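Visitor: File follows, entry-v9.txt with compact mmCIF, C-alpha atoms:
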```txt
# COMPACT_ATOMS: atom_id res chain seq x y z
CA MET A 1 0.00 0.00 0.00
CA GLU A 2 1.29 3.48 -0.88
CA PHE A 3 0.99 6.32 1.60
CA ALA A 4 0.64 10.02 0.84
CA SER A 5 3.69 12.01 1.87
CA ARG A 6 1.40 14.80 3.08
CA CYS A 7 -1.91 13.67 4.58
CA VAL A 8 -4.88 15.69 5.86
CA VAL A 9 -7.90 14.28 7.72
CA LEU A 10 -11.39 15.63 6.97
CA VAL A 11 -13.96 14.85 9.66
CA ASP A 12 -17.40 14.16 8.16
CA PRO A 13 -16.63 15.69 4.74
CA TYR A 14 -20.19 16.02 3.42
CA SER A 15 -21.93 19.07 1.92
CA THR A 16 -19.41 21.93 1.60
CA GLY A 17 -17.01 19.89 3.73
CA ALA A 18 -16.56 17.61 0.73
CA MET A 19 -15.37 20.61 -1.30
CA LEU A 20 -12.30 20.79 0.93
CA ALA A 21 -11.15 17.47 -0.58
CA PRO A 22 -10.56 18.61 -4.19
CA GLU A 23 -8.93 21.81 -2.91
CA LEU A 24 -6.50 19.75 -0.81
CA ASP A 25 -5.95 17.35 -3.69
CA LEU A 26 -5.15 20.28 -5.99
CA ARG A 27 -2.46 21.38 -3.54
CA GLY A 28 -0.91 17.92 -3.47
CA TYR A 29 -2.25 16.59 -0.17
CA GLY A 30 -3.59 13.09 0.38
CA VAL A 31 -7.03 13.14 2.01
CA ILE A 32 -8.49 10.72 4.55
CA ALA A 33 -12.21 10.86 5.39
CA LEU A 34 -13.03 10.24 9.05
CA TRP A 35 -16.72 9.46 9.55
CA THR A 36 -18.24 10.00 13.00
CA LYS A 37 -20.89 7.86 14.63
CA GLU A 38 -23.28 10.81 14.48
CA CYS A 39 -22.88 11.36 10.74
CA GLY A 40 -25.59 8.93 9.66
CA GLU A 41 -27.11 9.48 6.22
CA ASN A 42 -25.12 12.71 5.76
CA ARG A 43 -22.19 10.48 4.79
CA TRP A 44 -23.66 10.09 1.33
CA HIS A 45 -24.32 13.79 0.72
CA LEU A 46 -21.29 14.64 -1.40
CA PRO A 47 -21.95 17.33 -4.03
CA LYS A 48 -21.13 16.53 -7.65
CA ALA A 49 -18.82 19.55 -7.65
CA ALA A 50 -16.43 17.64 -5.32
CA GLU A 51 -14.81 16.15 -8.40
CA GLY A 52 -12.84 12.94 -7.89
CA PHE A 53 -14.32 12.17 -4.49
CA PRO A 54 -15.04 9.88 -2.71
CA GLU A 55 -12.96 7.78 -5.14
CA LYS A 56 -9.73 9.71 -4.44
CA PHE A 57 -9.90 9.49 -0.66
CA LEU A 58 -6.68 7.84 0.51
CA ALA A 59 -8.86 5.97 3.01
CA GLU A 60 -12.24 6.21 4.70
CA VAL A 61 -12.09 5.55 8.43
CA ASP A 62 -14.90 5.18 10.98
CA GLU A 63 -14.78 6.73 14.43
CA GLN A 64 -13.77 4.20 17.08
CA ASP A 65 -14.90 3.91 20.70
CA THR A 66 -12.08 6.05 22.11
CA LEU A 67 -9.93 8.94 20.89
CA ALA A 68 -6.83 6.77 21.22
CA GLU A 69 -8.33 4.01 19.06
CA THR A 70 -9.50 6.51 16.44
CA ALA A 71 -6.04 8.13 16.36
CA PHE A 72 -4.47 4.69 15.91
CA VAL A 73 -6.56 3.76 12.87
CA LEU A 74 -5.95 7.18 11.32
CA ARG A 75 -2.19 6.89 11.72
CA LYS A 76 -2.32 3.39 10.27
CA ALA A 77 -4.30 4.61 7.25
CA ALA A 78 -1.98 7.57 6.70
CA GLY A 79 1.24 5.67 7.32
CA GLU A 80 2.48 8.72 9.21
CA GLU A 81 1.29 11.52 11.46
CA PRO A 82 -1.40 13.56 9.65
CA LEU A 83 -0.46 17.17 8.97
CA ALA A 84 -3.87 18.57 9.82
CA MET A 85 -7.41 17.70 10.81
CA ILE A 86 -10.25 19.84 9.46
CA CYS A 87 -13.94 19.62 10.31
CA GLY A 88 -16.08 19.06 7.23
CA GLY A 89 -19.70 18.78 8.41
CA GLU A 90 -21.63 19.89 11.48
CA THR A 91 -21.74 16.39 13.01
CA GLY A 92 -17.92 16.33 12.99
CA VAL A 93 -17.34 19.36 15.22
CA LYS A 94 -17.04 17.57 18.57
CA LEU A 95 -14.72 14.83 17.32
CA ALA A 96 -12.58 17.22 15.26
CA ASP A 97 -12.03 19.41 18.34
CA ALA A 98 -11.31 16.54 20.72
CA LEU A 99 -9.20 14.42 18.37
CA SER A 100 -7.06 17.25 17.03
CA GLU A 101 -6.34 18.22 20.66
CA HIS A 102 -5.58 14.57 21.51
CA MET A 103 -3.19 14.24 18.55
CA GLY A 104 -1.51 17.61 19.05
CA LEU A 105 -2.82 19.09 15.79
CA ARG A 106 -4.02 22.61 15.09
CA GLY A 107 -7.61 23.02 16.27
CA ASN A 108 -9.85 24.48 18.95
CA THR A 109 -9.55 23.73 22.65
CA THR A 110 -12.13 21.64 24.47
CA THR A 111 -11.23 23.19 27.83
CA GLY A 112 -13.22 25.85 29.63
CA GLY A 113 -16.56 24.17 28.98
CA MET A 114 -16.00 23.83 25.23
CA ALA A 115 -16.09 20.02 24.95
CA ASN A 116 -19.25 20.50 22.87
CA ARG A 117 -19.27 23.95 21.31
CA ARG A 118 -22.02 22.70 18.95
CA ASP A 119 -24.40 22.95 21.89
CA LYS A 120 -26.45 26.09 21.27
CA GLN A 121 -27.05 26.64 24.97
CA VAL A 122 -23.29 26.50 25.61
CA GLN A 123 -22.90 29.10 22.86
CA GLN A 124 -25.50 31.48 24.29
CA ASP A 125 -24.14 31.15 27.84
CA ALA A 126 -20.56 31.82 26.69
CA VAL A 127 -21.59 34.86 24.64
CA ARG A 128 -23.63 36.26 27.55
CA ASP A 129 -20.74 35.71 29.98
CA PHE A 130 -18.47 37.53 27.52
CA GLY A 131 -20.69 40.60 27.85
CA LEU A 132 -22.40 40.33 24.47
CA ARG A 133 -26.12 40.27 23.64
CA SER A 134 -27.47 36.74 23.79
CA VAL A 135 -30.90 35.22 23.36
CA ARG A 136 -33.16 34.37 26.30
CA SER A 137 -33.36 30.59 26.41
CA VAL A 138 -33.63 27.40 28.41
CA CYS A 139 -32.41 23.90 27.66
CA GLY A 140 -33.70 20.55 28.92
CA ARG A 141 -34.41 16.88 28.28
CA ALA A 142 -37.69 16.77 30.20
CA TRP A 143 -40.67 19.11 29.94
CA GLN A 144 -40.55 19.92 33.65
CA GLU A 145 -37.05 21.38 33.14
CA VAL A 146 -38.30 23.97 30.65
CA LYS A 147 -41.94 24.39 31.71
CA ASP A 148 -41.47 27.57 33.81
CA PHE A 149 -39.64 29.33 30.97
CA ALA A 150 -42.28 28.22 28.47
CA GLU A 151 -45.07 29.61 30.65
CA THR A 152 -43.42 33.02 31.16
CA GLU A 153 -41.68 33.74 27.83
CA VAL A 154 -43.51 35.88 25.30
CA LEU A 155 -45.07 33.96 22.40
CA PRO A 156 -44.30 33.04 19.67
CA MET A 157 -41.25 31.03 20.75
CA ILE A 158 -38.54 29.05 18.96
CA VAL A 159 -38.21 25.34 19.79
CA LYS A 160 -35.26 23.48 18.27
CA PRO A 161 -32.69 20.73 18.90
CA VAL A 162 -29.65 21.84 20.84
CA GLU A 163 -27.54 20.26 18.07
CA SER A 164 -28.80 20.71 14.52
CA ALA A 165 -28.11 22.30 11.13
CA GLY A 166 -30.06 23.51 8.11
CA SER A 167 -33.14 24.53 10.17
CA ASP A 168 -33.47 20.83 11.04
CA GLY A 169 -36.24 20.51 13.63
CA VAL A 170 -36.59 24.29 14.17
CA LYS A 171 -40.16 25.47 14.72
CA LEU A 172 -41.80 28.76 15.61
CA CYS A 173 -44.53 27.86 18.09
CA HIS A 174 -47.51 30.16 18.71
CA SER A 175 -49.08 28.50 21.76
CA LEU A 176 -47.91 26.76 24.91
CA ALA A 177 -49.50 23.53 23.72
CA GLU A 178 -47.58 23.76 20.45
CA VAL A 179 -44.34 24.39 22.36
CA GLU A 180 -44.82 21.26 24.49
CA GLU A 181 -45.89 19.15 21.51
CA HIS A 182 -42.79 20.06 19.48
CA PHE A 183 -40.54 19.64 22.52
CA GLN A 184 -41.80 16.08 22.99
CA LEU A 185 -41.47 15.35 19.25
CA LEU A 186 -37.82 16.43 19.22
CA MET A 187 -37.00 14.41 22.33
CA THR A 188 -38.36 11.24 20.73
CA SER A 189 -37.04 11.65 17.19
CA GLN A 190 -33.60 11.53 15.57
CA ARG A 191 -32.71 14.75 13.80
CA LYS A 192 -30.38 14.76 10.78
CA CYS A 193 -27.47 16.53 12.50
CA GLY A 194 -28.05 15.85 16.18
CA ALA A 195 -27.37 13.05 18.61
CA GLN A 196 -30.25 10.84 19.76
CA GLY A 197 -31.57 12.01 23.12
CA ALA A 198 -29.82 15.39 22.91
CA ALA A 199 -31.56 18.22 24.74
CA VAL A 200 -34.10 20.63 23.28
CA LEU A 201 -33.79 24.41 23.36
CA LEU A 202 -36.58 26.93 23.92
CA GLN A 203 -35.64 30.46 22.82
CA GLU A 204 -37.14 33.90 22.58
CA TYR A 205 -38.23 34.74 19.06
CA LEU A 206 -35.79 37.27 17.66
CA LYS A 207 -37.43 39.78 15.34
CA GLY A 208 -35.23 41.27 12.66
CA THR A 209 -33.14 40.38 9.63
CA GLU A 210 -30.94 37.28 9.73
CA TYR A 211 -27.39 37.44 8.43
CA ILE A 212 -24.53 34.99 7.95
CA VAL A 213 -21.00 36.04 8.84
CA ASP A 214 -18.35 33.63 7.54
CA HIS A 215 -14.81 33.60 8.92
CA VAL A 216 -11.58 31.67 8.83
CA SER A 217 -9.23 31.81 11.81
CA ARG A 218 -5.61 30.95 12.56
CA ASP A 219 -4.06 31.32 16.01
CA GLY A 220 -6.97 33.51 17.11
CA VAL A 221 -6.77 35.91 14.16
CA HIS A 222 -10.21 36.05 12.51
CA LYS A 223 -10.67 37.05 8.86
CA THR A 224 -14.11 37.63 7.34
CA THR A 225 -14.62 35.79 4.05
CA MET A 226 -18.18 37.01 3.36
CA VAL A 227 -21.26 38.53 4.96
CA TRP A 228 -24.58 37.27 3.61
CA VAL A 229 -28.21 38.11 4.21
CA TYR A 230 -30.79 35.33 4.20
CA ASP A 231 -34.07 35.34 2.30
CA ARG A 232 -36.11 33.21 4.70
CA ARG A 233 -39.89 32.98 4.37
CA PRO A 234 -42.77 30.76 5.45
CA ALA A 235 -43.59 27.96 2.99
CA ASN A 236 -45.42 24.65 3.13
CA GLY A 237 -46.29 25.13 6.79
CA ALA A 238 -42.66 25.74 7.83
CA GLY A 239 -41.65 29.14 9.15
CA PHE A 240 -38.05 29.46 7.99
CA VAL A 241 -37.59 28.06 4.49
CA CYS A 242 -34.47 29.52 2.88
CA PHE A 243 -35.16 30.87 -0.62
CA GLY A 244 -31.67 32.26 -1.10
CA GLN A 245 -28.96 34.58 0.12
CA GLN A 246 -27.16 37.68 -1.07
CA CYS A 247 -23.71 39.13 -0.39
CA VAL A 248 -23.53 42.23 1.82
CA LEU A 249 -20.99 44.97 1.13
CA PRO A 250 -18.31 44.48 3.84
CA ASP A 251 -17.79 48.22 4.34
CA SER A 252 -21.50 48.90 4.94
CA PRO A 253 -22.43 50.00 8.48
CA VAL A 254 -24.54 46.87 9.10
CA ALA A 255 -21.69 44.57 7.97
CA GLN A 256 -19.16 46.37 10.16
CA GLN A 257 -21.41 45.98 13.20
CA LEU A 258 -22.06 42.31 12.42
CA ILE A 259 -18.37 41.53 11.90
CA ALA A 260 -17.29 43.13 15.19
CA TYR A 261 -20.04 41.33 17.11
CA THR A 262 -19.31 37.96 15.45
CA ARG A 263 -15.60 38.12 16.22
CA GLY A 264 -16.53 38.69 19.84
CA CYS A 265 -18.68 35.55 19.71
CA LEU A 266 -15.78 33.53 18.27
CA ASP A 267 -13.53 34.73 21.09
CA ALA A 268 -16.22 33.90 23.64
CA LEU A 269 -16.36 30.34 22.29
CA ARG A 270 -12.54 30.10 22.27
CA ILE A 271 -12.48 29.43 18.54
CA THR A 272 -8.96 30.07 17.29
CA ASN A 273 -8.55 27.91 14.19
CA GLY A 274 -10.60 26.91 11.17
CA ALA A 275 -13.77 28.00 9.42
CA THR A 276 -16.92 29.27 11.11
CA HIS A 277 -20.39 30.00 9.78
CA THR A 278 -22.21 32.28 12.20
CA GLU A 279 -25.89 33.19 12.01
CA VAL A 280 -26.77 36.53 13.59
CA MET A 281 -30.10 38.33 13.87
CA MET A 282 -29.93 42.09 13.51
CA THR A 283 -32.66 43.26 15.88
CA GLU A 284 -33.82 46.77 16.65
CA THR A 285 -31.40 46.76 19.62
CA GLY A 286 -28.43 45.42 17.64
CA PRO A 287 -26.95 42.04 16.65
CA CYS A 288 -27.82 38.87 18.58
CA LEU A 289 -26.35 35.41 18.05
CA VAL A 290 -28.52 32.68 16.58
CA GLU A 291 -25.74 30.07 16.39
CA VAL A 292 -22.09 29.47 15.52
CA ASN A 293 -21.25 26.51 13.28
CA SER A 294 -17.57 25.53 13.50
CA ARG A 295 -17.18 24.53 9.85
CA CYS A 296 -17.53 26.03 6.39
CA HIS A 297 -20.74 27.60 5.14
CA GLY A 298 -23.05 24.74 4.12
CA ALA A 299 -25.58 24.35 1.29
CA ALA A 300 -23.28 21.90 -0.53
CA GLY A 301 -20.96 24.71 -1.58
CA SER A 302 -23.55 26.09 -3.99
CA TRP A 303 -22.51 29.62 -2.97
CA MET A 304 -18.83 29.10 -3.90
CA PRO A 305 -19.06 30.23 -7.56
CA LEU A 306 -20.77 33.44 -6.41
CA ALA A 307 -18.22 34.12 -3.66
CA ARG A 308 -15.38 33.57 -6.12
CA ALA A 309 -17.02 35.87 -8.69
CA MET A 310 -17.61 38.56 -6.05
CA ALA A 311 -14.37 38.43 -4.04
CA GLY A 312 -11.92 36.32 -6.02
CA TYR A 313 -11.66 33.57 -3.38
CA THR A 314 -13.88 31.44 -1.12
CA GLN A 315 -14.05 30.36 2.50
CA VAL A 316 -13.00 26.85 1.40
CA ASP A 317 -9.73 28.13 -0.09
CA ALA A 318 -9.10 30.27 2.97
CA CYS A 319 -9.85 27.40 5.37
CA VAL A 320 -7.10 25.30 3.78
CA ASP A 321 -4.77 28.32 4.04
CA ALA A 322 -5.61 28.68 7.75
CA PHE A 323 -4.48 25.13 8.48
CA LEU A 324 -1.65 24.61 6.03
CA ASP A 325 -0.31 27.87 4.59
CA ALA A 326 0.46 30.63 7.10
CA LYS A 327 1.85 32.95 4.43
CA ALA A 328 -1.29 32.67 2.31
CA PHE A 329 -3.51 33.18 5.35
CA ASN A 330 -1.58 36.27 6.39
CA GLY A 331 -2.03 37.59 2.86
CA LEU A 332 -5.81 37.33 2.99
CA PRO A 333 -7.64 40.65 3.46
CA ASP A 334 -9.29 41.30 6.81
CA VAL A 335 -12.63 41.54 5.00
CA PRO A 336 -13.50 40.82 1.34
CA PRO A 337 -12.34 43.42 -1.20
CA ALA A 338 -14.70 45.53 -3.31
CA PHE A 339 -17.10 43.22 -5.13
CA ARG A 340 -16.26 42.38 -8.73
CA ALA A 341 -19.81 41.45 -9.82
CA SER A 342 -23.41 41.27 -8.62
CA GLY A 343 -25.48 38.17 -8.03
CA GLN A 344 -27.11 35.89 -5.50
CA VAL A 345 -27.76 32.29 -4.51
CA SER A 346 -31.27 31.02 -5.15
CA MET A 347 -32.54 27.83 -3.53
CA LEU A 348 -35.03 25.76 -5.54
CA VAL A 349 -38.15 25.10 -3.49
CA SER A 350 -40.83 22.47 -4.03
CA TYR A 351 -44.51 23.19 -3.36
CA HIS A 352 -45.50 19.73 -4.61
CA ASP A 353 -44.96 16.11 -3.60
CA GLY A 354 -45.07 12.81 -5.46
CA GLN A 355 -43.05 10.36 -7.55
CA VAL A 356 -40.76 12.06 -10.07
CA GLU A 357 -40.87 10.75 -13.65
CA ALA A 358 -38.48 13.37 -15.05
CA THR A 359 -36.74 16.59 -14.07
CA GLN A 360 -36.64 19.80 -16.09
CA PHE A 361 -33.76 21.68 -14.47
CA GLN A 362 -32.47 22.55 -17.93
CA LYS A 363 -35.03 25.36 -17.92
CA VAL A 364 -33.12 26.96 -15.04
CA ARG A 365 -29.72 26.24 -16.54
CA GLU A 366 -30.71 28.07 -19.74
CA LEU A 367 -31.49 31.34 -17.93
CA GLN A 368 -29.08 34.10 -18.87
CA SER A 369 -27.65 34.82 -15.41
CA VAL A 370 -27.41 31.25 -14.08
CA VAL A 371 -23.74 30.21 -13.81
CA PHE A 372 -24.10 27.18 -11.52
CA LEU A 373 -26.82 24.65 -10.75
CA GLU A 374 -26.80 21.86 -8.18
CA GLU A 375 -29.61 19.31 -8.64
CA ASN A 376 -30.86 17.48 -5.54
CA LEU A 377 -33.69 15.64 -7.29
CA HIS A 378 -33.61 12.90 -9.93
CA ALA A 379 -36.07 10.82 -11.96
CA GLY A 380 -37.36 7.83 -10.02
CA HIS A 381 -37.09 9.60 -6.67
CA ARG A 382 -39.88 11.01 -4.55
CA VAL A 383 -40.11 14.77 -4.07
CA GLU A 384 -41.48 16.27 -0.87
CA LYS A 385 -42.63 19.79 -0.14
CA THR A 386 -39.67 21.90 0.97
CA ILE A 387 -39.59 22.68 4.69
CA ASP A 388 -35.82 23.00 5.34
CA LEU A 389 -32.42 22.84 3.61
CA PHE A 390 -32.59 19.06 3.42
CA SER A 391 -35.76 19.10 1.30
CA LEU A 392 -34.64 21.68 -1.27
CA VAL A 393 -34.76 20.31 -4.82
CA GLY A 394 -31.72 22.25 -5.94
CA MET A 395 -29.65 25.42 -5.69
CA CYS A 396 -28.39 27.83 -8.31
CA VAL A 397 -26.09 30.82 -8.54
CA LEU A 398 -27.04 33.86 -10.59
CA VAL A 399 -24.40 36.41 -11.65
CA HIS A 400 -24.90 39.27 -14.12
CA SER A 401 -23.87 42.87 -14.66
CA ASP A 402 -27.48 43.96 -15.24
CA PRO A 403 -29.72 43.83 -12.11
CA ALA A 404 -32.82 43.75 -14.33
CA VAL A 405 -31.68 40.46 -15.90
CA LEU A 406 -31.10 39.00 -12.42
CA ALA A 407 -34.56 40.07 -11.26
CA SER A 408 -36.25 38.66 -14.38
CA ASP A 409 -34.47 35.30 -14.11
CA LEU A 410 -35.26 35.03 -10.40
CA ALA A 411 -38.95 35.76 -11.05
CA CYS A 412 -38.92 33.00 -13.68
CA ILE A 413 -37.46 30.53 -11.17
CA ARG A 414 -40.07 31.42 -8.53
CA GLN A 415 -42.85 30.91 -11.10
CA MET A 416 -41.48 27.48 -12.09
CA GLU A 417 -41.46 26.49 -8.42
CA HIS A 418 -45.12 27.40 -7.97
CA ASP A 419 -46.11 25.75 -11.25
CA GLY A 420 -44.21 22.58 -10.38
CA SER A 421 -42.55 22.77 -13.80
CA LEU A 422 -39.08 21.89 -12.47
CA PHE A 423 -40.16 18.24 -12.60
CA VAL A 424 -42.80 15.91 -14.01
CA LEU A 425 -44.77 13.86 -11.48
CA ALA A 426 -46.36 10.47 -12.08
CA ASN A 427 -50.14 10.53 -12.34
```
Hey, can you dump this file as structure tokens for me?
Guide:
Amino acid sequence: MEFASRCVVLVDPYSTGAMLAPELDLRGYGVIALWTKECGENRWHLPKAAEGFPEKFLAEVDEQDTLAETAFVLRKAAGEEPLAMICGGETGVKLADALSEHMGLRGNTTTGGMANRRDKQVQQDAVRDFGLRSVRSVCGRAWQEVKDFAETEVLPMIVKPVESAGSDGVKLCHSLAEVEEHFQLLMTSQRKCGAQGAAVLLQEYLKGTEYIVDHVSRDGVHKTTMVWVYDRRPANGAGFVCFGQQCVLPDSPVAQQLIAYTRGCLDALRITNGATHTEVMMTETGPCLVEVNSRCHGAAGSWMPLARAMAGYTQVDACVDAFLDAKAFNGLPDVPPAFRASGQVSMLVSYHDGQVEATQFQKVRELQSVVFLEENLHAGHRVEKTIDLFSLVGMCVLVHSDPAVLASDLACIRQMEHDGSLFVLAN
């Protein structure tokens, strides 16, 4: 068996995490995939854009019962000490932190209460203790542990898993009965990106506009790779379906406020290395943390062509720099430079369900401003109504110099969604 002379471990490299693999391969690194016990069906969610993978993985290794055993099988697969360990997907955060610390690799400490920085209650407590605005919340595994908060907090109220991603299991509840019902549902069901039996979080409903602030960090130096604003709306009975996202000018007053606040959150959570994807609500009293995800921006990397067109680089490139190329990291700007183009990411939403006989995504691909299309739906599969990121039927990137062309193409996409003309259903 041949071993790579320079080997990097990706922990749960699904969604955008899989896009780290071709970037590492391009730079001459061998890549090992380490799959956690929590990963579940996410293991198979590798975007087509991750060219050459999973076939080019040097090895695929499963998490063992202890850190020492997992480190042993990794070293055996690599034939040497890995150069770096990078978290790919949300389910890999805990193991990436703990194992990189165990193996003496660059990463984020688990000390000071950060053994599970995925825990959204841990995040809110740390941010509050750091002197920053945090959300009112309570966390518990039994209804009696959260009942007093539920009875006194103003409705509506957010109920969600303490560990999740992609709006998985998140619900805006308008009555106390609805709060208790969703709490019990979450405690008895397995979410896509959360551990079985993990606690449930009740939070105040933050009113405002939700933003994403993406960073890469090395030795505690944080660099902003992009600020985005979500287009979230109610659809199909769900309150927070993501229809798309747009880039925010980094020198705008709102971006400057968001960046300063987010970097404070990263310091509060003792995040010093790697990529982070932070969701922040801009309320009438200022920014307030929704959650910090210690990995690259998700959505299967669909946003990468837009980020590259706008700024000339992406968070994925910069993440590899943060771990493996100090000179390149130091050369990155503190915030993205002046944008080179205009555009946005549009998610493709389904308002219909049934068995798919054929897809018609070519209609989207032929639009003038569409430069990238990721298809999540194929003939022979069943389509469901979109309620979260996991049930989107696709994602596309629109880039054009003329805003009127962008607006026209986007209106065409929204009409196709309502008509159900993105696919043909069996009778």
Visitor: Which one is closest to A:Asn108: A:Phe423, A:Phe323, A:Phe72, A:Phe243? Count all atoms listed in the file.
Guide: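 Of A:Phe423, A:Phe323, A:Phe72, A:Phe243, the one nearest A:Asn108, counting all atoms listed in the file, is A:Phe323.
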Visitor: Ranking A:Gly107, A:Pro253, A:Gly312, A:Gly301 by minimum distance to A:Arg218 and counting only C-alpha atoms, which one comes first?
Guide: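 With only C-alpha atoms as the atom set, the closest residue is A:Gly107.
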Visitor: Which stretch 260-320 of chain A residues have any atom within 12 Å of an atom of stretch 15-38 of chain A, and for each, what is the nearest pair of atoms with distance in Å to one decimal, counting only C-alpha atoms, rows sorted by chain and number, as a tab-separated table?
Guide:
```
residue	atom	partner	partner_atom	distance
A:Ala275	CA	A:Gly17	CA	10.4
A:Thr276	CA	A:Gly17	CA	11.9
A:His277	CA	A:Thr16	CA	11.5
A:Ser294	CA	A:Gly17	CA	11.3
A:Arg295	CA	A:Gly17	CA	7.7
A:Cys296	CA	A:Thr16	CA	6.6
A:His297	CA	A:Thr16	CA	6.8
A:Gly298	CA	A:Thr16	CA	5.2
A:Ala299	CA	A:Ser15	CA	6.4
A:Ala300	CA	A:Ser15	CA	4.0
A:Gly301	CA	A:Thr16	CA	4.5
A:Ser302	CA	A:Thr16	CA	8.1
A:Trp303	CA	A:Thr16	CA	9.5
A:Met304	CA	A:Thr16	CA	9.1
A:Thr314	CA	A:Met19	CA	10.9
A:Gln315	CA	A:Leu20	CA	9.9
A:Val316	CA	A:Leu20	CA	6.1
A:Asp317	CA	A:Glu23	CA	7.0
A:Ala318	CA	A:Leu20	CA	10.2
A:Cys319	CA	A:Leu20	CA	8.3
A:Val320	CA	A:Leu24	CA	7.2
```
Visitor: For stretch 114-123 of chain A, list every protein, DNA or RNA residue within 6 Å, evaluated using all atoms listed in the file, and leave out those in the same chain fewer than 5 positions away; present the list as JSON, numbers by chain.
Guide: {"A": [94, 162, 163]}
Visitor: Go through A:Lys76, A:Lys147, A:Lys207, A:Lys56 one by one, measure the shortest atom-to-atom distance of each to A:Met281 using only C-alpha atoms, and give the residue with the smallest value.
Guide: A:Lys207
Visitor: Interatomic distance between atom CA of A:Glu60 and atom CA of A:Tyr14?
Guide: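 We find that atom CA of A:Glu60 and atom CA of A:Tyr14 lie 12.7 Å from each other.
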Visitor: Tell me, in Å to one decimal, how far atom CA of A:Ser175 is from atom CA of A:Tyr351.
Guide: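 Pair atom CA of A:Ser175 / atom CA of A:Tyr351 returns 26.1 Å.
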Visitor: So how many Å separate atom CA of A:Val335 and atom CA of A:Thr91, to one decimal?
Guide: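 Spanning atom CA of A:Val335 to atom CA of A:Thr91 is a straight-line distance of 27.9 Å.
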